[in-house]
$ cat run.cif   # mmCIF, C-alpha atoms
data_input
#
loop_
_atom_site.group_PDB
_atom_site.id
_atom_site.type_symbol
_atom_site.label_atom_id
_atom_site.label_comp_id
_atom_site.auth_asym_id
_atom_site.auth_seq_id
_atom_site.Cartn_x
_atom_site.Cartn_y
_atom_site.Cartn_z
ATOM 1 C CA MET Y 1 125.643 134.060 105.440
ATOM 2 C CA LYS Y 2 127.731 136.396 103.362
ATOM 3 C CA SER Y 3 126.914 140.040 103.776
ATOM 4 C CA GLY Y 4 127.769 143.225 101.971
ATOM 5 C CA TRP Y 5 126.240 142.613 98.552
ATOM 6 C CA THR Y 6 127.165 146.125 97.451
ATOM 7 C CA GLY Y 7 129.301 147.747 94.807
ATOM 8 C CA SER Y 8 131.122 145.336 92.525
ATOM 9 C CA ALA Y 9 129.772 142.310 94.447
ATOM 10 C CA GLU Y 10 126.225 143.458 93.780
ATOM 11 C CA SER Y 11 127.064 143.798 90.111
ATOM 12 C CA GLU Y 12 128.486 140.272 90.091
ATOM 13 C CA PHE Y 13 125.374 138.969 91.758
ATOM 14 C CA LEU Y 14 123.215 140.524 89.045
ATOM 15 C CA ASP Y 15 125.395 138.754 86.493
ATOM 16 C CA VAL Y 16 124.937 135.507 88.420
ATOM 17 C CA ILE Y 17 121.148 135.893 88.340
ATOM 18 C CA SER Y 18 121.197 136.666 84.632
ATOM 19 C CA ALA Y 19 123.370 133.636 83.830
ATOM 20 C CA ALA Y 20 121.195 131.352 85.970
ATOM 21 C CA GLN Y 21 118.033 132.547 84.258
ATOM 22 C CA ASP Y 22 119.650 131.971 80.874
ATOM 23 C CA ALA Y 23 120.639 128.440 81.910
ATOM 24 C CA TYR Y 24 117.179 127.600 83.282
ATOM 25 C CA PRO Y 25 114.727 129.941 81.557
ATOM 26 C CA THR Y 26 111.631 128.054 82.718
ATOM 27 C CA VAL Y 27 112.527 128.440 86.417
ATOM 28 C CA CYS Y 28 111.369 131.554 88.233
ATOM 29 C CA LEU Y 29 113.033 132.173 91.597
ATOM 30 C CA PRO Y 30 112.816 135.418 93.600
ATOM 31 C CA SER Y 31 116.208 137.120 93.665
ATOM 32 C CA GLU Y 32 116.180 137.651 97.433
ATOM 33 C CA VAL Y 33 115.484 133.945 98.027
ATOM 34 C CA PHE Y 34 118.393 132.894 95.849
ATOM 35 C CA LEU Y 35 120.617 135.558 97.430
ATOM 36 C CA ALA Y 36 120.086 134.044 100.876
ATOM 37 C CA TYR Y 37 120.499 130.486 99.575
ATOM 38 C CA LEU Y 38 123.695 131.315 97.716
ATOM 39 C CA GLY Y 39 125.145 133.310 100.599
ATOM 40 C CA ASP Y 40 124.677 130.387 102.994
ATOM 41 C CA ARG Y 41 126.716 128.138 100.708
ATOM 42 C CA LEU Y 42 129.615 130.334 99.677
ATOM 43 C CA PRO Y 43 132.889 129.555 101.474
ATOM 44 C CA SER Y 44 133.457 132.183 104.159
ATOM 45 C CA GLU Y 45 137.258 132.002 103.945
ATOM 46 C CA VAL Y 46 137.339 133.148 100.309
ATOM 47 C CA PRO Y 47 136.776 136.750 99.181
ATOM 48 C CA LEU Y 48 133.226 137.148 97.971
ATOM 49 C CA PRO Y 49 133.877 137.851 94.259
ATOM 50 C CA LEU Y 50 136.273 134.878 94.045
ATOM 51 C CA ALA Y 51 133.847 132.624 95.920
ATOM 52 C CA ILE Y 52 131.138 133.461 93.404
ATOM 53 C CA ARG Y 53 133.394 132.674 90.461
ATOM 54 C CA GLN Y 54 134.439 129.321 91.989
ATOM 55 C CA THR Y 55 130.841 128.222 92.541
ATOM 56 C CA HIS Y 56 128.456 126.636 90.039
ATOM 57 C CA THR Y 57 125.898 129.312 90.762
ATOM 58 C CA ALA Y 58 123.471 128.415 87.968
ATOM 59 C CA ASP Y 59 123.174 124.876 89.336
ATOM 60 C CA LEU Y 60 122.688 126.303 92.832
ATOM 61 C CA TYR Y 61 119.868 128.380 91.385
ATOM 62 C CA LEU Y 62 118.206 125.208 90.121
ATOM 63 C CA ALA Y 63 118.897 123.394 93.403
ATOM 64 C CA CYS Y 64 117.303 126.224 95.377
ATOM 65 C CA ALA Y 65 114.186 126.110 93.213
ATOM 66 C CA CYS Y 66 114.019 122.308 93.541
ATOM 67 C CA ALA Y 67 114.268 122.601 97.325
ATOM 68 C CA ARG Y 68 111.213 124.859 97.118
ATOM 69 C CA ARG Y 69 109.373 122.139 95.112
ATOM 70 C CA ASP Y 70 109.005 124.361 92.065
ATOM 71 C CA VAL Y 71 107.380 122.155 89.423
ATOM 72 C CA ARG Y 72 109.338 123.690 86.530
ATOM 73 C CA ALA Y 73 112.580 123.281 88.438
ATOM 74 C CA LEU Y 74 111.816 119.612 89.122
ATOM 75 C CA ALA Y 75 111.195 119.101 85.405
ATOM 76 C CA ALA Y 76 114.484 120.844 84.583
ATOM 77 C CA PHE Y 77 116.271 118.614 87.125
ATOM 78 C CA ASP Y 78 114.860 115.528 85.405
ATOM 79 C CA ASP Y 79 115.979 116.767 82.020
ATOM 80 C CA ARG Y 80 119.476 117.861 83.044
ATOM 81 C CA CYS Y 81 120.422 115.331 85.710
ATOM 82 C CA LEU Y 82 118.310 112.184 85.353
ATOM 83 C CA ARG Y 83 117.881 111.692 81.625
ATOM 84 C CA PRO Y 84 121.662 111.362 80.985
ATOM 85 C CA LEU Y 85 121.861 108.568 83.579
ATOM 86 C CA ASP Y 86 120.339 106.068 81.140
ATOM 87 C CA ARG Y 87 123.387 106.217 78.887
ATOM 88 C CA VAL Y 88 125.860 106.210 81.791
ATOM 89 C CA LEU Y 89 124.328 103.272 83.663
ATOM 90 C CA LEU Y 90 123.531 101.226 80.565
ATOM 91 C CA GLY Y 91 127.195 101.587 79.640
ATOM 92 C CA MET Y 92 128.047 99.993 82.983
ATOM 93 C CA GLY Y 93 125.787 97.021 82.236
ATOM 94 C CA ILE Y 94 123.054 98.076 84.665
ATOM 95 C CA ALA Y 95 119.634 96.583 83.824
ATOM 96 C CA ASP Y 96 116.801 98.848 82.687
ATOM 97 C CA ASP Y 97 114.614 98.125 85.698
ATOM 98 C CA VAL Y 98 117.477 98.889 88.094
ATOM 99 C CA ILE Y 99 118.141 102.173 86.272
ATOM 100 C CA ALA Y 100 114.478 103.137 86.618
ATOM 101 C CA GLU Y 101 114.601 102.263 90.309
ATOM 102 C CA VAL Y 102 117.794 104.256 90.917
ATOM 103 C CA LYS Y 103 116.345 107.298 89.155
ATOM 104 C CA GLN Y 104 113.165 107.069 91.214
ATOM 105 C CA GLU Y 105 115.201 106.730 94.401
ATOM 106 C CA ILE Y 106 117.057 109.920 93.457
ATOM 107 C CA ARG Y 107 113.739 111.707 93.005
ATOM 108 C CA ASN Y 108 112.607 110.382 96.356
ATOM 109 C CA ARG Y 109 115.711 111.067 98.438
ATOM 110 C CA VAL Y 110 117.162 114.081 96.626
ATOM 111 C CA LEU Y 111 113.997 116.017 95.826
ATOM 112 C CA ILE Y 112 111.388 114.810 98.323
ATOM 113 C CA GLY Y 113 113.371 113.615 101.317
ATOM 114 C CA ASP Y 114 111.226 110.659 102.421
ATOM 115 C CA GLY Y 115 110.617 112.133 105.882
ATOM 116 C CA LYS Y 116 114.039 113.820 106.032
ATOM 117 C CA PRO Y 117 115.338 117.063 104.495
ATOM 118 C CA PRO Y 118 115.866 116.435 100.754
ATOM 119 C CA LYS Y 119 119.490 115.849 99.859
ATOM 120 C CA ILE Y 120 119.361 118.622 97.268
ATOM 121 C CA VAL Y 121 119.960 121.121 100.088
ATOM 122 C CA GLU Y 122 123.365 119.480 100.639
ATOM 123 C CA PHE Y 123 124.536 120.502 97.168
ATOM 124 C CA GLU Y 124 126.854 123.492 97.594
ATOM 125 C CA GLY Y 125 127.930 124.133 94.020
ATOM 126 C CA ARG Y 126 131.554 122.982 94.392
ATOM 127 C CA GLY Y 127 131.063 120.917 91.238
ATOM 128 C CA ASP Y 128 128.265 120.841 88.687
ATOM 129 C CA LEU Y 129 124.912 119.400 89.687
ATOM 130 C CA ARG Y 130 124.810 116.757 86.941
ATOM 131 C CA SER Y 131 128.126 115.233 88.111
ATOM 132 C CA TRP Y 132 126.952 115.345 91.747
ATOM 133 C CA VAL Y 133 123.849 113.336 90.827
ATOM 134 C CA ARG Y 134 125.797 110.973 88.552
ATOM 135 C CA VAL Y 135 128.215 110.008 91.328
ATOM 136 C CA MET Y 136 125.276 109.308 93.631
ATOM 137 C CA ALA Y 137 123.465 107.231 91.002
ATOM 138 C CA VAL Y 138 126.528 105.139 90.124
ATOM 139 C CA ARG Y 139 127.197 104.436 93.798
ATOM 140 C CA TRP Y 140 123.618 103.306 94.434
ATOM 141 C CA ALA Y 141 123.532 101.179 91.277
ATOM 142 C CA LEU Y 142 126.772 99.414 92.207
ATOM 143 C CA GLN Y 143 125.496 98.827 95.737
ATOM 144 C CA ARG Y 144 122.398 97.155 94.313
ATOM 145 C CA GLN Y 145 124.497 94.942 92.054
ATOM 146 C CA SER Y 146 126.725 93.986 94.968
ATOM 147 C CA ARG Y 147 123.722 93.049 97.119
ATOM 148 C CA ALA Y 148 122.250 91.014 94.257
ATOM 149 C CA ARG Y 149 125.464 88.958 94.027
ATOM 150 C CA ARG Y 150 125.562 88.344 97.791
ATOM 151 C CA GLU Y 151 121.908 87.475 98.336
ATOM 152 C CA GLN Y 152 120.273 84.202 97.416
ATOM 153 C CA PRO Y 153 117.119 84.459 95.320
ATOM 154 C CA ALA Y 154 113.816 83.693 97.026
ATOM 155 C CA ASP Y 155 112.851 80.030 96.973
ATOM 156 C CA ASP Y 156 110.381 79.243 94.168
ATOM 157 C CA ASP Y 157 108.370 76.878 96.370
ATOM 158 C CA ARG Y 158 107.838 79.656 98.899
ATOM 159 C CA LEU Y 159 106.544 81.936 96.161
ATOM 160 C CA LEU Y 160 103.985 79.374 94.990
ATOM 161 C CA HIS Y 161 103.062 78.410 98.559
ATOM 162 C CA ASP Y 162 102.248 82.005 99.470
ATOM 163 C CA ILE Y 163 100.169 82.460 96.341
ATOM 164 C CA VAL Y 164 98.196 79.205 96.326
ATOM 165 C CA GLY Y 165 98.293 78.208 99.995
ATOM 166 C CA SER Y 166 98.229 74.677 101.412
ATOM 167 C CA SER Y 167 95.039 74.397 103.475
ATOM 168 C CA ASN Y 168 92.580 73.794 100.638
ATOM 169 C CA PRO Y 169 92.635 70.258 99.148
ATOM 170 C CA GLU Y 170 91.435 71.475 95.753
ATOM 171 C CA LEU Y 171 94.168 74.090 95.652
ATOM 172 C CA ASP Y 172 96.734 71.561 96.848
ATOM 173 C CA HIS Y 173 95.810 69.486 93.828
ATOM 174 C CA ALA Y 174 96.079 72.579 91.578
ATOM 175 C CA LYS Y 175 99.465 73.395 93.072
ATOM 176 C CA GLY Y 176 100.726 69.949 92.226
ATOM 177 C CA LEU Y 177 99.419 70.210 88.700
ATOM 178 C CA TYR Y 178 100.478 73.735 87.877
ATOM 179 C CA ARG Y 179 103.540 74.393 90.032
ATOM 180 C CA ARG Y 180 106.030 74.797 87.203
ATOM 181 C CA GLU Y 181 103.618 76.414 84.747
ATOM 182 C CA PHE Y 182 102.353 78.971 87.194
ATOM 183 C CA LYS Y 183 105.802 80.059 88.361
ATOM 184 C CA ARG Y 184 106.954 80.461 84.790
ATOM 185 C CA ALA Y 185 103.853 82.405 83.739
ATOM 186 C CA PHE Y 186 103.905 84.691 86.770
ATOM 187 C CA GLU Y 187 107.616 85.524 86.464
ATOM 188 C CA GLU Y 188 107.286 86.144 82.723
ATOM 189 C CA ALA Y 189 104.346 88.463 83.378
ATOM 190 C CA LEU Y 190 106.471 90.493 85.794
ATOM 191 C CA ARG Y 191 109.258 90.709 83.232
ATOM 192 C CA GLU Y 192 106.840 92.092 80.656
ATOM 193 C CA LEU Y 193 105.881 95.010 82.871
ATOM 194 C CA PRO Y 194 107.354 98.344 81.759
ATOM 195 C CA ALA Y 195 110.177 99.460 84.055
ATOM 196 C CA ARG Y 196 108.145 102.271 85.629
ATOM 197 C CA GLU Y 197 105.249 99.952 86.559
ATOM 198 C CA LEU Y 198 107.658 97.357 87.958
ATOM 199 C CA VAL Y 199 109.302 100.008 90.133
ATOM 200 C CA LEU Y 200 105.866 101.232 91.239
ATOM 201 C CA LEU Y 201 104.797 97.748 92.322
ATOM 202 C CA ARG Y 202 108.123 97.234 94.086
ATOM 203 C CA GLN Y 203 107.785 100.517 95.962
ATOM 204 C CA HIS Y 204 104.276 99.611 97.134
ATOM 205 C CA HIS Y 205 104.588 95.882 97.846
ATOM 206 C CA VAL Y 206 108.259 95.620 98.867
ATOM 207 C CA ASP Y 207 109.141 99.038 100.277
ATOM 208 C CA GLY Y 208 105.692 99.653 101.782
ATOM 209 C CA SER Y 209 105.071 103.063 100.168
ATOM 210 C CA THR Y 210 101.482 104.226 100.633
ATOM 211 C CA ILE Y 211 99.232 105.584 97.890
ATOM 212 C CA ASP Y 212 99.754 109.116 99.245
ATOM 213 C CA GLU Y 213 103.537 108.690 99.246
ATOM 214 C CA LEU Y 214 103.493 107.352 95.690
ATOM 215 C CA ALA Y 215 101.292 110.246 94.585
ATOM 216 C CA ALA Y 216 103.805 112.741 96.003
ATOM 217 C CA LEU Y 217 106.721 110.819 94.502
ATOM 218 C CA TYR Y 218 105.269 110.744 90.984
ATOM 219 C CA ARG Y 219 103.667 114.193 91.321
ATOM 220 C CA VAL Y 220 100.169 112.926 90.521
ATOM 221 C CA HIS Y 221 96.825 112.914 92.342
ATOM 222 C CA ARG Y 222 96.393 110.021 94.800
ATOM 223 C CA ALA Y 223 93.535 108.648 92.672
ATOM 224 C CA THR Y 224 95.894 108.572 89.693
ATOM 225 C CA ALA Y 225 98.541 106.747 91.746
ATOM 226 C CA ALA Y 226 95.916 104.204 92.831
ATOM 227 C CA ARG Y 227 94.852 103.654 89.205
ATOM 228 C CA MET Y 228 98.501 103.161 88.200
ATOM 229 C CA LEU Y 229 98.818 100.404 90.808
ATOM 230 C CA VAL Y 230 95.571 98.757 89.734
ATOM 231 C CA ARG Y 231 96.656 98.788 86.092
ATOM 232 C CA ALA Y 232 100.016 97.190 86.939
ATOM 233 C CA ARG Y 233 98.433 94.519 89.150
ATOM 234 C CA THR Y 234 95.773 93.779 86.548
ATOM 235 C CA PHE Y 235 98.424 93.451 83.863
ATOM 236 C CA VAL Y 236 100.281 90.850 85.940
ATOM 237 C CA LEU Y 237 97.111 88.853 86.548
ATOM 238 C CA GLU Y 238 95.902 88.948 82.961
ATOM 239 C CA ALA Y 239 99.331 88.183 81.512
ATOM 240 C CA THR Y 240 99.701 85.238 83.919
ATOM 241 C CA ARG Y 241 96.279 83.928 82.916
ATOM 242 C CA ALA Y 242 97.009 84.255 79.200
ATOM 243 C CA ARG Y 243 100.285 82.357 79.540
ATOM 244 C CA MET Y 244 98.768 79.572 81.578
ATOM 245 C CA MET Y 245 95.929 79.183 79.086
ATOM 246 C CA ALA Y 246 98.496 78.944 76.301
ATOM 247 C CA GLN Y 247 100.674 76.451 78.187
ATOM 248 C CA LEU Y 248 97.985 74.154 79.632
ATOM 249 C CA ARG Y 249 94.925 72.325 78.412
ATOM 250 C CA VAL Y 250 92.581 73.208 81.269
ATOM 251 C CA GLN Y 251 88.959 74.183 81.551
ATOM 252 C CA PRO Y 252 88.452 77.955 81.972
ATOM 253 C CA HIS Y 253 86.609 77.522 85.285
ATOM 254 C CA GLU Y 254 89.508 75.413 86.626
ATOM 255 C CA LEU Y 255 92.030 78.120 85.802
ATOM 256 C CA ASP Y 256 89.723 80.843 87.122
ATOM 257 C CA SER Y 257 89.534 79.059 90.460
ATOM 258 C CA ILE Y 258 93.309 79.243 90.769
ATOM 259 C CA LEU Y 259 93.411 82.876 89.686
ATOM 260 C CA ARG Y 260 90.784 83.873 92.239
ATOM 261 C CA MET Y 261 93.072 82.566 94.945
ATOM 262 C CA ILE Y 262 96.034 84.296 93.287
ATOM 263 C CA ARG Y 263 94.108 87.576 93.327
ATOM 264 C CA SER Y 264 93.246 87.209 97.025
ATOM 265 C CA ASN Y 265 96.935 86.663 97.860
ATOM 266 C CA LEU Y 266 98.409 89.090 95.327
ATOM 267 C CA ASP Y 267 99.908 91.494 97.864
ATOM 268 C CA VAL Y 268 101.964 88.704 99.447
ATOM 269 C CA SER Y 269 102.914 87.060 96.172
ATOM 270 C CA LEU Y 270 103.923 90.310 94.518
ATOM 271 C CA GLY Y 271 106.114 91.222 97.479
ATOM 272 C CA ILE Y 272 108.050 87.970 97.280
ATOM 273 C CA ALA Y 273 108.276 87.892 93.492
ATOM 274 C CA LEU Y 274 109.358 91.513 93.270
ATOM 275 C CA ARG Y 275 112.110 90.939 95.813
ATOM 276 C CA ARG Y 276 113.316 88.139 93.616
ATOM 277 C CA ARG Y 277 113.234 90.353 90.519
ATOM 278 C CA LYS Y 278 115.029 93.098 92.478
ATOM 279 C CA ARG Y 279 117.900 90.740 93.280
ATOM 280 C CA GLY Y 280 118.165 89.472 89.747
ATOM 281 C CA PRO Y 281 118.359 85.957 88.364
ATOM 282 C CA PRO Y 282 120.448 83.314 90.169
#

$ encode --input "run.cif" --output "structure tokens"
Amino acid sequence: MKSGWTGSAESEFLDVISAAQDAYPTVCLPSEVFLAYLGDRLPSEVPLPLAIRQTHTADLYLACACARRDVRALAAFDDRCLRPLDRVLLGMGIADDVIAEVKQEIRNRVLIGDGKPPKIVEFEGRGDLRSWVRVMAVRWALQRQSRARREQPADDDRLLHDIVGSSNPELDHAKGLYRREFKRAFEEALRELPARELVLLRQHHVDGSTIDELAALYRVHRATAARMLVRARTFVLEATRARMMAQLRVQPHELDSILRMIRSNLDVSLGIALRRRKRGPP
């Protein structure tokens, strides 16, 4: 760490603190904490005053507060670094649901760490924080697009098989009757989900995130995270039911029999269907 914050260097540091507080007025970070954080990241081969001037110190101030999980700093990070990604990624032709997923992955890996030190501690202020995040987001979005082009979509028959099963004669008959209608209704229901709910379901059913992990990721109580999942799952079921009722002339009890089996296998079916949605259409 740099030492000797005295004289003119001390005066410069006070200016740095003042500028950082002006840039992020809602963030409150003890000066001594930021001093240590900044000192560890300044290049040792450059004279101290010059090193300070060459560093994006205000963004380091925000990064330090984010590393400490300061709620106001996390909100400022969202506003400064994540909100502008919508325009950038949409301009590249990235789908809305992929953008939402990339932004959530940034929150997870950059701010939380997912079992590892959060990547925000790797930011050293050589460039501005918004550009650092943008480069990361573009790279991840392009990687997802590349994987989607290489991978084959999940087989539709496998999706229906896992939802309806094949050991029950009555359900075998229903599968034969409703194969095409059910697949269409279920996929359309997934597409109607708001991007955030689709990402949430994908994180739980595809990535295996627990309720506690989702609660930490979305900064809500675990009961709230559980309710969010229930609402999204219920939406998929009800939207599927409404579409099938509109498409088919069936008795309500006949459709309800199918949907009871769908509900009992929803974890499996959602996992497969969400992987398919993640990869994109064929």

$ closest_residue --input "run.cif" --among "Y:Lys183, Y:Arg53, Y:Arg41, Y:Arg72" --to "Y:Thr26" --atoms "only C-alpha atoms"
Y:Arg72

$ atom_distance --input "run.cif" --atom1 "atom CA of Y:Leu50" --atom2 "atom CA of Y:Val133"
25.1 Å

$ atom_distance --input "run.cif" --atom1 "atom CA of Y:Arg83" --atom2 "atom CA of Y:Thr234"
28.9 Å

$ resolve_selection --input "run.cif" --expression "the PyMOL selection byres ((chain Y and resi 77) around 10)" --output "ChimeraX atom specification"
/Y:24,59,62-63,65-66,71-76,78-83,107,111,129-130,133

$ write_last_selection --input "run.cif" --atoms "C-alpha atoms" --output "compact mmCIF listing (two decimals), in the coordinates of the input"
# COMPACT_ATOMS: atom_id res chain seq x y z
CA TYR Y 24 117.18 127.60 83.28
CA ASP Y 59 123.17 124.88 89.34
CA LEU Y 62 118.21 125.21 90.12
CA ALA Y 63 118.90 123.39 93.40
CA ALA Y 65 114.19 126.11 93.21
CA CYS Y 66 114.02 122.31 93.54
CA VAL Y 71 107.38 122.16 89.42
CA ARG Y 72 109.34 123.69 86.53
CA ALA Y 73 112.58 123.28 88.44
CA LEU Y 74 111.82 119.61 89.12
CA ALA Y 75 111.20 119.10 85.40
CA ALA Y 76 114.48 120.84 84.58
CA ASP Y 78 114.86 115.53 85.40
CA ASP Y 79 115.98 116.77 82.02
CA ARG Y 80 119.48 117.86 83.04
CA CYS Y 81 120.42 115.33 85.71
CA LEU Y 82 118.31 112.18 85.35
CA ARG Y 83 117.88 111.69 81.62
CA ARG Y 107 113.74 111.71 93.00
CA LEU Y 111 114.00 116.02 95.83
CA LEU Y 129 124.91 119.40 89.69
CA ARG Y 130 124.81 116.76 86.94
CA VAL Y 133 123.85 113.34 90.83

$ atom_distance --input "run.cif" --atom1 "atom CA of Y:Arg241" --atom2 "atom CA of Y:Arg196"
22.0 Å

$ resolve_selection --input "run.cif" --expression "the PyMOL selection byres ((chain Y and resi 105) around 12)" --output "VMD selection string"
chain Y and resid 82 98 to 104 106 to 114 118 to 119 133 136 to 137 140 to 141 144 199 to 200 202 to 203 207 214 217 to 218

$ resolve_selection --input "run.cif" --expression "the PyMOL selection byres ((chain Y and resi 239) around 9)" --output "PyMOL selection string"
chain Y and resi 185-186+188-190+192+234-238+240-244

$ closest_residue --input "run.cif" --among "Y:Arg184, Y:Ala246, Y:Ile94, Y:Asp22" --to "Y:Leu142" --atoms "only C-alpha atoms"
Y:Ile94

$ axis_aligned_box --input "run.cif" --around "stretch 223-235 of chain Y" --padding-each-side "3 Å" --output "JSON"
{"center_x": 96.8, "center_y": 101.0, "center_z": 88.3, "size_x": 12.5, "size_y": 21.2, "size_z": 15.0}

$ build_atoms --input "run.cif" --residues "stretch 202-218 of chain Y" --atoms "N, CA and C atoms" --output "PDB file, in the coordinates of the input"
ATOM      1  N   ARG Y 202     107.086  97.522  93.097  1.00  0.00           N
ATOM      2  CA  ARG Y 202     108.123  97.234  94.086  1.00  0.00           C
ATOM      3  C   ARG Y 202     108.057  98.233  95.237  1.00  0.00           C
ATOM      4  N   GLN Y 203     107.853  99.500  94.915  1.00  0.00           N
ATOM      5  CA  GLN Y 203     107.785 100.517  95.962  1.00  0.00           C
ATOM      6  C   GLN Y 203     106.602 100.267  96.894  1.00  0.00           C
ATOM      7  N   HIS Y 204     105.474  99.818  96.319  1.00  0.00           N
ATOM      8  CA  HIS Y 204     104.276  99.611  97.134  1.00  0.00           C
ATOM      9  C   HIS Y 204     104.332  98.301  97.905  1.00  0.00           C
ATOM     10  N   HIS Y 205     104.677  97.201  97.228  1.00  0.00           N
ATOM     11  CA  HIS Y 205     104.588  95.882  97.846  1.00  0.00           C
ATOM     12  C   HIS Y 205     105.840  95.482  98.606  1.00  0.00           C
ATOM     13  N   VAL Y 206     107.001  95.988  98.206  1.00  0.00           N
ATOM     14  CA  VAL Y 206     108.259  95.620  98.867  1.00  0.00           C
ATOM     15  C   VAL Y 206     108.680  96.694  99.870  1.00  0.00           C
ATOM     16  N   ASP Y 207     108.681  97.955  99.411  1.00  0.00           N
ATOM     17  CA  ASP Y 207     109.141  99.038 100.277  1.00  0.00           C
ATOM     18  C   ASP Y 207     108.047  99.577 101.192  1.00  0.00           C
ATOM     19  N   GLY Y 208     106.785  99.227 100.910  1.00  0.00           N
ATOM     20  CA  GLY Y 208     105.692  99.653 101.782  1.00  0.00           C
ATOM     21  C   GLY Y 208     105.227 101.083 101.578  1.00  0.00           C
ATOM     22  N   SER Y 209     105.520 101.688 100.422  1.00  0.00           N
ATOM     23  CA  SER Y 209     105.071 103.063 100.168  1.00  0.00           C
ATOM     24  C   SER Y 209     103.552 103.097 100.048  1.00  0.00           C
ATOM     25  N   THR Y 210     102.927 104.079 100.693  1.00  0.00           N
ATOM     26  CA  THR Y 210     101.482 104.226 100.633  1.00  0.00           C
ATOM     27  C   THR Y 210     101.068 104.912  99.338  1.00  0.00           C
ATOM     28  N   ILE Y 211      99.761 104.902  99.075  1.00  0.00           N
ATOM     29  CA  ILE Y 211      99.232 105.584  97.890  1.00  0.00           C
ATOM     30  C   ILE Y 211      99.590 107.063  97.940  1.00  0.00           C
ATOM     31  N   ASP Y 212      99.442 107.687  99.116  1.00  0.00           N
ATOM     32  CA  ASP Y 212      99.754 109.116  99.245  1.00  0.00           C
ATOM     33  C   ASP Y 212     101.234 109.381  98.978  1.00  0.00           C
ATOM     34  N   GLU Y 213     102.104 108.512  99.474  1.00  0.00           N
ATOM     35  CA  GLU Y 213     103.537 108.690  99.246  1.00  0.00           C
ATOM     36  C   GLU Y 213     103.882 108.523  97.764  1.00  0.00           C
ATOM     37  N   LEU Y 214     103.248 107.548  97.118  1.00  0.00           N
ATOM     38  CA  LEU Y 214     103.493 107.352  95.690  1.00  0.00           C
ATOM     39  C   LEU Y 214     102.983 108.540  94.882  1.00  0.00           C
ATOM     40  N   ALA Y 215     101.837 109.089  95.289  1.00  0.00           N
ATOM     41  CA  ALA Y 215     101.292 110.246  94.585  1.00  0.00           C
ATOM     42  C   ALA Y 215     102.260 111.420  94.670  1.00  0.00           C
ATOM     43  N   ALA Y 216     102.837 111.648  95.854  1.00  0.00           N
ATOM     44  CA  ALA Y 216     103.805 112.741  96.003  1.00  0.00           C
ATOM     45  C   ALA Y 216     105.069 112.453  95.199  1.00  0.00           C
ATOM     46  N   LEU Y 217     105.492 111.198  95.191  1.00  0.00           N
ATOM     47  CA  LEU Y 217     106.721 110.819  94.502  1.00  0.00           C
ATOM     48  C   LEU Y 217     106.610 111.009  92.993  1.00  0.00           C
ATOM     49  N   TYR Y 218     105.455 110.645  92.436  1.00  0.00           N
ATOM     50  CA  TYR Y 218     105.269 110.744  90.984  1.00  0.00           C
ATOM     51  C   TYR Y 218     104.583 112.044  90.569  1.00  0.00           C
TER      52      TYR Y 218
END
